[in-house]
>>> print(open('upload31.cif').read())   # mmCIF, C-alpha atoms
data_upload
loop_
_atom_site.label_atom_id
_atom_site.label_comp_id
_atom_site.auth_asym_id
_atom_site.auth_seq_id
_atom_site.Cartn_x
_atom_site.Cartn_y
_atom_site.Cartn_z
CA MET A 1 -4.20 16.85 14.82
CA ALA A 2 -4.72 17.94 18.41
CA ALA A 3 -1.66 19.30 20.14
CA ARG A 4 -3.60 19.26 23.43
CA LYS A 5 -6.79 17.48 24.39
CA ASP A 6 -8.68 20.76 24.53
CA GLN A 7 -7.60 22.03 21.13
CA TRP A 8 -7.94 21.05 17.50
CA ARG A 9 -5.46 22.29 14.96
CA GLY A 10 -6.73 22.86 11.47
CA PRO A 11 -4.93 23.83 8.28
CA GLY A 12 -1.91 25.97 9.07
CA GLY A 13 -1.93 24.88 12.71
CA ARG A 14 -4.69 27.24 13.93
CA ALA A 15 -6.35 26.06 17.11
CA GLY A 16 -10.10 26.02 17.73
CA ALA A 17 -11.31 27.61 20.96
CA ALA A 18 -11.39 25.09 23.78
CA GLY A 19 -14.78 24.39 25.24
CA ASN A 20 -16.75 26.15 22.48
CA PRO A 21 -19.28 23.59 21.18
CA GLU A 22 -19.90 25.46 17.93
CA VAL A 23 -16.19 25.62 17.13
CA GLY A 24 -15.82 22.02 18.22
CA ARG A 25 -18.59 20.89 15.90
CA ALA A 26 -17.12 22.89 13.01
CA ALA A 27 -13.68 21.42 13.65
CA MET A 28 -15.02 17.90 13.71
CA GLY A 29 -16.92 18.65 10.51
CA VAL A 30 -13.61 19.34 8.79
CA ARG A 31 -11.77 16.43 10.36
CA SER A 32 -14.39 13.71 9.88
CA VAL A 33 -16.73 13.45 6.92
CA ALA A 34 -19.14 10.66 6.10
CA ILE A 35 -18.21 9.20 2.74
CA SER A 36 -20.67 6.36 2.34
CA ALA A 37 -24.25 5.48 3.14
CA CYS A 38 -22.95 3.14 5.81
CA GLY A 39 -21.39 6.08 7.62
CA ARG A 40 -17.80 5.00 7.13
CA VAL A 41 -15.36 7.81 7.58
CA LEU A 42 -12.35 9.15 5.76
CA GLN A 43 -10.31 11.62 7.74
CA ARG A 44 -7.59 13.83 6.43
CA ALA A 45 -4.96 15.25 8.76
CA PHE A 46 -3.55 18.37 7.19
CA SER A 47 0.11 19.29 7.06
CA LEU A 48 1.32 22.84 7.27
CA HIS A 49 1.79 22.86 3.51
CA THR A 50 -1.42 21.48 2.06
CA ALA A 51 -5.09 21.97 2.80
CA HIS A 52 -8.03 20.54 0.92
CA SER A 53 -11.70 21.26 1.32
CA THR A 54 -14.36 19.04 2.79
CA LYS A 55 -15.73 18.55 -0.72
CA ASP A 56 -12.37 17.15 -1.84
CA MET A 57 -12.53 14.62 0.98
CA GLU A 58 -16.07 13.56 0.15
CA ASN A 59 -14.93 12.90 -3.41
CA PHE A 60 -12.12 10.54 -2.46
CA PHE A 61 -13.97 7.42 -3.54
CA GLN A 62 -14.48 9.16 -6.87
CA LEU A 63 -10.76 9.87 -7.13
CA VAL A 64 -10.10 6.14 -6.85
CA ARG A 65 -12.77 5.44 -9.46
CA ASN A 66 -11.08 7.96 -11.73
CA ILE A 67 -7.87 5.91 -11.86
CA VAL A 68 -9.55 2.56 -12.58
CA PRO A 69 -9.11 1.79 -16.30
CA ALA A 70 -12.23 1.05 -18.29
CA LEU A 71 -12.84 -2.48 -19.49
CA THR A 72 -13.06 -2.49 -23.26
CA SER A 73 -12.67 -5.00 -26.06
CA LYS A 74 -10.19 -2.67 -27.77
CA LYS A 75 -7.41 -3.44 -25.26
CA HIS A 76 -4.83 -6.19 -25.47
CA LYS A 77 -3.47 -8.41 -22.70
CA GLY A 78 -1.10 -6.54 -20.43
CA GLN A 79 -2.40 -3.01 -20.85
CA ASP A 80 -4.14 -2.98 -17.47
CA GLY A 81 -1.06 -4.07 -15.58
CA ARG A 82 1.88 -6.44 -15.57
CA ILE A 83 2.99 -6.71 -11.95
CA GLY A 84 6.15 -8.33 -10.57
CA ILE A 85 6.30 -9.90 -7.10
CA VAL A 86 9.81 -10.24 -5.66
CA GLY A 87 9.78 -12.73 -2.80
CA GLY A 88 9.23 -16.33 -1.86
CA CYS A 89 11.74 -18.63 -0.19
CA GLN A 90 11.73 -22.20 1.10
CA GLU A 91 9.90 -21.27 4.31
CA TYR A 92 7.47 -18.69 2.94
CA THR A 93 5.53 -19.53 -0.20
CA GLY A 94 2.04 -18.31 0.67
CA ALA A 95 2.86 -14.60 0.83
CA PRO A 96 4.00 -14.13 -2.79
CA TYR A 97 0.98 -16.15 -3.94
CA PHE A 98 -1.40 -13.94 -1.96
CA ALA A 99 0.21 -10.77 -3.34
CA GLY A 100 0.23 -12.04 -6.92
CA ILE A 101 -3.30 -13.42 -6.98
CA SER A 102 -4.63 -10.25 -5.30
CA ALA A 103 -3.11 -8.12 -8.05
CA LEU A 104 -4.86 -10.28 -10.64
CA LYS A 105 -8.18 -10.21 -8.79
CA VAL A 106 -8.05 -6.40 -8.58
CA GLY A 107 -7.54 -6.20 -12.33
CA ALA A 108 -3.93 -6.69 -13.39
CA ASP A 109 -3.61 -8.78 -16.55
CA LEU A 110 -0.39 -10.64 -15.69
CA THR A 111 1.58 -11.33 -12.53
CA HIS A 112 5.18 -12.55 -12.42
CA VAL A 113 6.65 -14.01 -9.22
CA PHE A 114 10.45 -13.94 -8.85
CA CYS A 115 11.27 -16.39 -6.06
CA ALA A 116 13.91 -18.80 -4.79
CA ARG A 117 14.25 -22.07 -6.67
CA GLU A 118 12.83 -24.29 -3.92
CA ALA A 119 9.77 -22.08 -3.56
CA ALA A 120 8.84 -22.11 -7.24
CA PRO A 121 7.14 -25.55 -7.54
CA VAL A 122 5.08 -24.84 -4.43
CA ILE A 123 3.93 -21.42 -5.63
CA LYS A 124 3.12 -22.83 -9.07
CA SER A 125 0.97 -25.49 -7.44
CA TYR A 126 -1.20 -22.87 -5.78
CA SER A 127 -2.41 -21.36 -9.04
CA PRO A 128 -1.83 -21.66 -12.79
CA GLU A 129 -2.55 -17.93 -13.04
CA LEU A 130 0.91 -16.92 -11.82
CA ILE A 131 4.06 -16.80 -13.96
CA VAL A 132 6.81 -18.08 -11.69
CA HIS A 133 10.55 -17.47 -12.14
CA PRO A 134 12.83 -19.57 -9.85
CA VAL A 135 15.76 -17.14 -10.00
CA LEU A 136 15.92 -15.10 -6.80
CA ASP A 137 18.63 -17.19 -5.13
CA SER A 138 20.79 -17.57 -8.22
CA SER A 139 24.15 -15.87 -8.66
CA ASN A 140 22.80 -13.84 -11.59
CA ALA A 141 19.41 -13.04 -10.05
CA VAL A 142 19.66 -9.31 -10.72
CA GLU A 143 20.36 -9.86 -14.40
CA GLU A 144 17.55 -12.44 -14.68
CA VAL A 145 14.98 -10.11 -13.14
CA GLU A 146 16.34 -7.08 -15.00
CA LYS A 147 15.53 -8.79 -18.31
CA TRP A 148 11.85 -8.66 -17.36
CA LEU A 149 11.73 -5.12 -15.99
CA PRO A 150 10.94 -3.46 -19.36
CA ARG A 151 7.72 -5.52 -19.46
CA LEU A 152 6.60 -4.73 -15.91
CA HIS A 153 4.55 -1.76 -14.71
CA ALA A 154 5.22 -2.14 -10.97
CA LEU A 155 7.08 -4.32 -8.48
CA VAL A 156 5.95 -5.59 -5.08
CA VAL A 157 9.08 -6.39 -3.08
CA GLY A 158 9.18 -8.45 0.11
CA PRO A 159 6.30 -10.95 0.43
CA GLY A 160 7.83 -14.21 1.67
CA LEU A 161 11.35 -12.91 1.06
CA GLY A 162 12.95 -14.03 4.31
CA ARG A 163 16.25 -12.68 5.59
CA ASP A 164 18.82 -14.84 3.87
CA ASP A 165 21.83 -12.69 2.99
CA LEU A 166 22.00 -13.92 -0.59
CA LEU A 167 18.36 -13.07 -1.25
CA LEU A 168 18.65 -9.66 0.43
CA ASN A 169 21.76 -8.79 -1.57
CA ASN A 170 20.01 -9.76 -4.79
CA VAL A 171 16.98 -7.64 -3.89
CA ARG A 172 19.29 -4.67 -3.34
CA GLY A 173 20.42 -4.98 -6.93
CA ILE A 174 16.86 -5.45 -8.18
CA LEU A 175 15.75 -2.28 -6.38
CA GLU A 176 18.60 -0.30 -7.93
CA ALA A 177 17.73 -1.62 -11.39
CA SER A 178 14.05 -0.80 -10.84
CA LYS A 179 14.84 2.77 -9.81
CA ALA A 180 17.01 3.20 -12.88
CA ARG A 181 13.96 2.30 -14.98
CA ASP A 182 11.63 4.50 -12.92
CA ILE A 183 9.40 1.56 -11.98
CA PRO A 184 7.00 1.96 -9.03
CA VAL A 185 7.91 -0.30 -6.10
CA VAL A 186 5.74 -1.35 -3.18
CA ILE A 187 7.90 -2.62 -0.32
CA ASP A 188 6.46 -4.85 2.42
CA ALA A 189 7.43 -7.54 4.92
CA ASP A 190 11.13 -8.48 4.85
CA GLY A 191 11.64 -5.96 2.08
CA LEU A 192 11.14 -3.42 4.88
CA TRP A 193 13.76 -5.25 6.95
CA LEU A 194 16.19 -4.59 4.10
CA ILE A 195 15.22 -0.91 3.94
CA ALA A 196 15.76 -0.58 7.69
CA GLN A 197 19.30 -1.85 7.16
CA GLN A 198 19.92 0.50 4.23
CA PRO A 199 17.41 3.39 3.99
CA THR A 200 19.40 5.02 1.20
CA LEU A 201 18.11 2.31 -1.15
CA ILE A 202 14.81 4.17 -1.53
CA HIS A 203 15.53 7.60 -0.06
CA SER A 204 13.78 10.28 -2.17
CA TYR A 205 12.60 7.72 -4.74
CA GLN A 206 9.17 9.20 -5.37
CA LYS A 207 7.72 6.00 -6.85
CA ALA A 208 8.40 3.95 -3.71
CA ILE A 209 5.63 3.01 -1.28
CA LEU A 210 6.41 1.42 2.10
CA THR A 211 3.69 -0.55 3.92
CA PRO A 212 4.91 -1.22 7.48
CA ASN A 213 2.88 -2.60 10.35
CA ARG A 214 3.50 -1.14 13.79
CA VAL A 215 6.62 -3.22 14.54
CA GLU A 216 8.11 -2.57 11.09
CA PHE A 217 7.31 1.12 11.41
CA GLY A 218 9.19 1.31 14.70
CA ARG A 219 12.20 -0.42 13.13
CA LEU A 220 12.22 2.06 10.23
CA TRP A 221 11.83 5.00 12.59
CA GLU A 222 14.83 3.91 14.65
CA ALA A 223 16.94 3.33 11.54
CA VAL A 224 16.09 6.64 9.87
CA LEU A 225 15.46 9.11 12.70
CA SER A 226 17.34 7.65 15.68
CA SER A 227 15.09 9.53 18.09
CA PRO A 228 12.13 8.72 20.34
CA MET A 229 8.86 8.39 18.45
CA ASP A 230 5.96 10.67 19.36
CA THR A 231 3.46 8.08 20.57
CA GLN A 232 0.82 10.77 21.15
CA SER A 233 0.56 11.70 17.48
CA HIS A 234 0.58 8.69 15.17
CA SER A 235 -0.31 10.87 12.18
CA GLY A 236 2.58 13.20 12.98
CA SER A 237 4.97 10.26 13.22
CA VAL A 238 3.97 8.91 9.80
CA LEU A 239 4.34 12.38 8.31
CA LYS A 240 7.77 12.81 9.87
CA LEU A 241 9.07 9.41 8.74
CA SER A 242 7.92 10.09 5.19
CA GLN A 243 9.71 13.44 5.23
CA ALA A 244 12.88 11.87 6.64
CA LEU A 245 12.84 9.35 3.79
CA GLY A 246 12.63 12.11 1.20
CA ASN A 247 8.85 12.44 1.02
CA ILE A 248 8.16 8.93 -0.23
CA THR A 249 4.73 7.40 0.44
CA VAL A 250 4.41 5.51 3.72
CA VAL A 251 1.38 3.40 4.69
CA GLN A 252 1.33 2.48 8.37
CA LYS A 253 -1.08 -0.41 8.81
CA GLY A 254 -3.05 -0.65 12.02
CA GLU A 255 -6.43 -0.09 13.63
CA HIS A 256 -6.65 2.81 11.20
CA ASP A 257 -4.29 2.92 8.22
CA LEU A 258 -2.23 6.13 8.10
CA ILE A 259 -0.92 7.21 4.71
CA SER A 260 1.52 10.07 4.11
CA ASP A 261 3.61 11.49 1.30
CA GLY A 262 5.41 13.95 3.57
CA GLN A 263 2.92 16.69 2.75
CA GLN A 264 -0.28 15.37 4.27
CA VAL A 265 -1.73 12.37 6.05
CA LEU A 266 -4.80 10.35 5.12
CA VAL A 267 -6.54 8.18 7.68
CA CYS A 268 -8.35 5.18 6.23
CA SER A 269 -11.07 4.06 8.65
CA GLN A 270 -13.04 1.77 6.36
CA GLU A 271 -14.74 -0.86 8.48
CA GLY A 272 -12.86 -4.15 8.67
CA SER A 273 -13.08 -6.70 11.45
CA SER A 274 -11.27 -7.84 14.57
CA ARG A 275 -9.85 -10.90 12.76
CA ARG A 276 -6.10 -10.62 12.14
CA CYS A 277 -5.02 -13.62 10.09
CA GLY A 278 -1.66 -13.83 8.37
CA GLY A 279 -1.55 -12.74 4.74
CA GLN A 280 -3.75 -9.65 4.84
CA GLY A 281 -0.73 -7.42 4.27
CA ASP A 282 0.09 -9.42 1.14
CA LEU A 283 -3.39 -8.77 -0.19
CA LEU A 284 -2.81 -5.07 0.44
CA SER A 285 0.61 -4.99 -1.22
CA GLY A 286 -0.56 -6.86 -4.32
CA SER A 287 -3.60 -4.61 -4.66
CA LEU A 288 -1.45 -1.55 -4.18
CA GLY A 289 1.00 -2.65 -6.86
CA VAL A 290 -1.66 -2.58 -9.58
CA MET A 291 -3.42 0.51 -8.21
CA ALA A 292 -0.11 2.40 -8.12
CA HIS A 293 0.35 1.64 -11.80
CA TRP A 294 -3.18 2.78 -12.60
CA ALA A 295 -2.81 5.97 -10.58
CA LEU A 296 0.50 6.99 -12.13
CA LEU A 297 -0.85 6.21 -15.60
CA ALA A 298 -3.94 8.33 -14.92
CA GLY A 299 -1.84 11.19 -13.53
CA PRO A 300 -2.67 14.06 -11.16
CA GLU A 301 -5.22 15.50 -13.58
CA ARG A 302 -7.42 12.46 -12.84
CA THR A 303 -6.84 12.78 -9.08
CA ASN A 304 -7.62 16.50 -8.91
CA GLY A 305 -4.04 17.33 -8.04
CA VAL A 306 -3.82 14.88 -5.13
CA SER A 307 -0.72 12.67 -5.24
CA PRO A 308 -1.61 9.65 -7.42
CA LEU A 309 0.20 7.32 -5.01
CA LEU A 310 -1.83 8.64 -2.08
CA VAL A 311 -5.01 7.87 -4.00
CA ALA A 312 -3.73 4.39 -4.88
CA ALA A 313 -2.71 3.66 -1.29
CA TRP A 314 -6.04 4.85 0.11
CA GLY A 315 -7.88 2.74 -2.46
CA ALA A 316 -5.87 -0.40 -1.65
CA CYS A 317 -6.30 0.07 2.11
CA THR A 318 -10.03 0.63 1.73
CA LEU A 319 -10.39 -2.44 -0.48
CA THR A 320 -8.42 -4.68 1.89
CA ARG A 321 -10.52 -3.59 4.84
CA GLU A 322 -13.74 -4.19 2.94
CA CYS A 323 -12.56 -7.68 1.95
CA ASN A 324 -11.82 -8.39 5.59
CA HIS A 325 -15.23 -7.10 6.64
CA GLN A 326 -17.15 -9.10 4.04
CA ALA A 327 -15.24 -12.33 4.72
CA PHE A 328 -15.74 -11.95 8.47
CA GLN A 329 -19.49 -11.57 7.99
CA LYS A 330 -19.48 -15.06 6.46
CA TYR A 331 -16.82 -16.92 8.43
CA GLY A 332 -16.25 -15.06 11.69
CA ARG A 333 -13.32 -16.28 13.72
CA SER A 334 -12.35 -18.85 11.07
CA THR A 335 -11.75 -16.18 8.40
CA THR A 336 -8.48 -16.59 6.49
CA THR A 337 -6.82 -14.54 3.79
CA THR A 338 -8.04 -17.04 1.19
CA ASP A 339 -11.58 -16.11 2.22
CA MET A 340 -10.69 -12.43 1.87
CA ILE A 341 -9.29 -12.90 -1.63
CA ALA A 342 -12.61 -14.45 -2.67
CA GLU A 343 -14.20 -11.13 -1.69
CA VAL A 344 -11.92 -8.92 -3.83
CA GLY A 345 -14.31 -8.85 -6.78
CA PRO A 346 -17.49 -8.12 -4.81
CA ALA A 347 -15.72 -5.59 -2.59
CA PHE A 348 -14.17 -3.79 -5.54
CA SER A 349 -17.53 -3.56 -7.28
CA LYS A 350 -19.22 -2.27 -4.14
CA LEU A 351 -16.61 0.42 -3.50
CA PHE A 352 -15.34 1.52 -6.89
CA ALA A 353 -17.69 0.38 -9.66
CA THR A 354 -18.89 3.27 -11.82
#
>>> encode(input="upload31.cif", output="structure tokens")
Amino acid sequence: MAARKDQWRGPGGRAGAAGNPEVGRAAMGVRSVAISACGRVLQRAFSLHTAHSTKDMENFFQLVRNIVPALTSKKHKGQDGRIGIVGGCQEYTGAPYFAGISALKVGADLTHVFCAREAAPVIKSYSPELIVHPVLDSSNAVEEVEKWLPRLHALVVGPGLGRDDLLLNNVRGILEASKARDIPVVIDADGLWLIAQQPTLIHSYQKAILTPNRVEFGRLWEAVLSSPMDTQSHSGSVLKLSQALGNITVVQKGEHDLISDGQQVLVCSQEGSSRRCGGQGDLLSGSLGVMAHWALLAGPERTNGVSPLLVAAWGACTLTRECNHQAFQKYGRSTTTTDMIAEVGPAFSKLFAT
């Protein structure tokens, strides 16, 4: 991360000599490494606490492959992931569908959607693959969802949630119950609105992953840090917000996706496209729900000591971008998230097949 335009700061904050082309080339060699034949780049911004070698960075695709469970006839339904989606109200029914179907397309075996009653028939009509529970706006919503938590490996909270007070209050209770059971939670969309109102809900919960876009990131920053954001260092801002939230994983979506666990920052620069249709974040959150489960199940020994949730987040970001890229090659300006979901299988095979 460059503190000034004429300097590069490597591990431990040491600066390269300004104007020295050899040092500059060496610095860029550490900061940017080609990780595919197409020349796509993964960059790692180092914190003061952690440094990894160039070889580690080149192996990041392999780290994602390491967490993907093998397909075998010896397994039974549910072993590769039972994912819960918490969201869906009268106005927003597409988002929970996109998140749920994306989790299935990535490789989860079952997806449950916990939504408001009026949203349930609509979401059911989109796909028979989803198990839909019309309970989120009921007076006993927390108890209804809590009954299913022992069967679920991860929750994705927020797609299509809306900002109705009843729904938000119920989600508060669901988050508390999920933490008590040590269930990984991916929080997106209006789930992030709730966190901005009450950051203590997930503070220091190490199995929480937040996926804000730029506007949502700014809202979280103001709620948690109450200070001006450093607009010159986006990586530093993501690192600082993660630390302020108790070193939970934060994924800031944008031109490049920035991922931090409070110790280090990954920059996902997989090629996507200039098309920004609604629903792409839901594809990311659903994918991340199942990958988070896989990564935690695999453990740090399968990720060479790198945080499993960092590996999962990088994998989900890379996959989403590749889906966007492949769909755009076919449909151009008319690309929609439905087109992207059709690319999940081919993109996953291209990136992570062993």
>>> resolve_selection(input="upload31.cif", expression="the PyMOL selection byres ((chain A and resi 170-183) around 6)", output="VMD selection string")
chain A and resid 142 154 167 to 169 184
>>> resolve_selection(input="upload31.cif", expression="the PyMOL selection byres ((chain A and resi 149) around 10)", output="list in words")
Arg82, Ile83, Gly84, Glu143, Glu144, Val145, Glu146, Lys147, Trp148, Pro150, Arg151, Leu152, His153, Ala154, Leu155, Ile174, Ala177, Ser178, Arg181 and Ile183 of chain A
>>> closest_residue(input="upload31.cif", among="A:Gln280, A:Thr320, A:Gln243, A:Gln326", to="Thr338 of chain A", atoms="all atoms listed in the file")
A:Gln280
>>> closest_atom_pairs(input="upload31.cif", of="segment 200-258 of chain A", to="segment 308-314 of chain A", cutoff="9 Å", atoms="only C-alpha atoms", output="tab-separated table")
residue	atom	partner	partner_atom	distance
A:Lys207	CA	A:Leu309	CA	7.9
A:Ala208	CA	A:Leu309	CA	9.0
A:Ile209	CA	A:Leu309	CA	7.9
A:Thr249	CA	A:Leu309	CA	7.1
A:Val250	CA	A:Ala313	CA	8.9
A:Val251	CA	A:Ala313	CA	7.2
A:Asp257	CA	A:Trp314	CA	8.5
A:Leu258	CA	A:Trp314	CA	8.9
>>> atom_distance(input="upload31.cif", atom1="atom CA of Leu297 of chain A", atom2="atom CA of Gln79 of chain A")
10.7 Å
>>> residues_around(input="upload31.cif", residues="Phe328 of chain A", least_positions_apart="2", cutoff="10 Å", atoms="all atoms listed in the file", output="ChimeraX atom specification")
/A:272-275,322-326,330-336,339-340
>>> atom_distance(input="upload31.cif", atom1="atom CA of Val113 of chain A", atom2="atom CA of Pro212 of chain A")
21.1 Å
>>> resolve_selection(input="upload31.cif", expression="the PyMOL selection byres ((chain A and resi 348) around 12)", output="JSON list (two decimals) with C-alpha atoms, in the coordinates of the input")
[["chain", "number", "residue", "atom", "x", "y", "z"],
["A", 61, "PHE", "CA", -13.97, 7.42, -3.54],
["A", 64, "VAL", "CA", -10.10, 6.14, -6.85],
["A", 65, "ARG", "CA", -12.77, 5.44, -9.46],
["A", 68, "VAL", "CA", -9.55, 2.56, -12.58],
["A", 102, "SER", "CA", -4.63, -10.25, -5.30],
["A", 105, "LYS", "CA", -8.18, -10.21, -8.79],
["A", 106, "VAL", "CA", -8.05, -6.40, -8.58],
["A", 107, "GLY", "CA", -7.54, -6.20, -12.33],
["A", 287, "SER", "CA", -3.60, -4.61, -4.66],
["A", 291, "MET", "CA", -3.42, 0.51, -8.21],
["A", 315, "GLY", "CA", -7.88, 2.74, -2.46],
["A", 316, "ALA", "CA", -5.87, -0.40, -1.65],
["A", 317, "CYS", "CA", -6.30, 0.07, 2.11],
["A", 318, "THR", "CA", -10.03, 0.63, 1.73],
["A", 319, "LEU", "CA", -10.39, -2.44, -0.48],
["A", 320, "THR", "CA", -8.42, -4.68, 1.89],
["A", 321, "ARG", "CA", -10.52, -3.59, 4.84],
["A", 322, "GLU", "CA", -13.74, -4.19, 2.94],
["A", 323, "CYS", "CA", -12.56, -7.68, 1.95],
["A", 326, "GLN", "CA", -17.15, -9.10, 4.04],
["A", 340, "MET", "CA", -10.69, -12.43, 1.87],
["A", 341, "ILE", "CA", -9.29, -12.90, -1.63],
["A", 342, "ALA", "CA", -12.61, -14.45, -2.67],
["A", 343, "GLU", "CA", -14.20, -11.13, -1.69],
["A", 344, "VAL", "CA", -11.92, -8.92, -3.83],
["A", 345, "GLY", "CA", -14.31, -8.85, -6.78],
["A", 346, "PRO", "CA", -17.49, -8.12, -4.81],
["A", 347, "ALA", "CA", -15.72, -5.59, -2.59],
["A", 349, "SER", "CA", -17.53, -3.56, -7.28],
["A", 350, "LYS", "CA", -19.22, -2.27, -4.14],
["A", 351, "LEU", "CA", -16.61, 0.42, -3.50],
["A", 352, "PHE", "CA", -15.34, 1.52, -6.89],
["A", 353, "ALA", "CA", -17.69, 0.38, -9.66],
["A", 354, "THR", "CA", -18.89, 3.27, -11.82]]
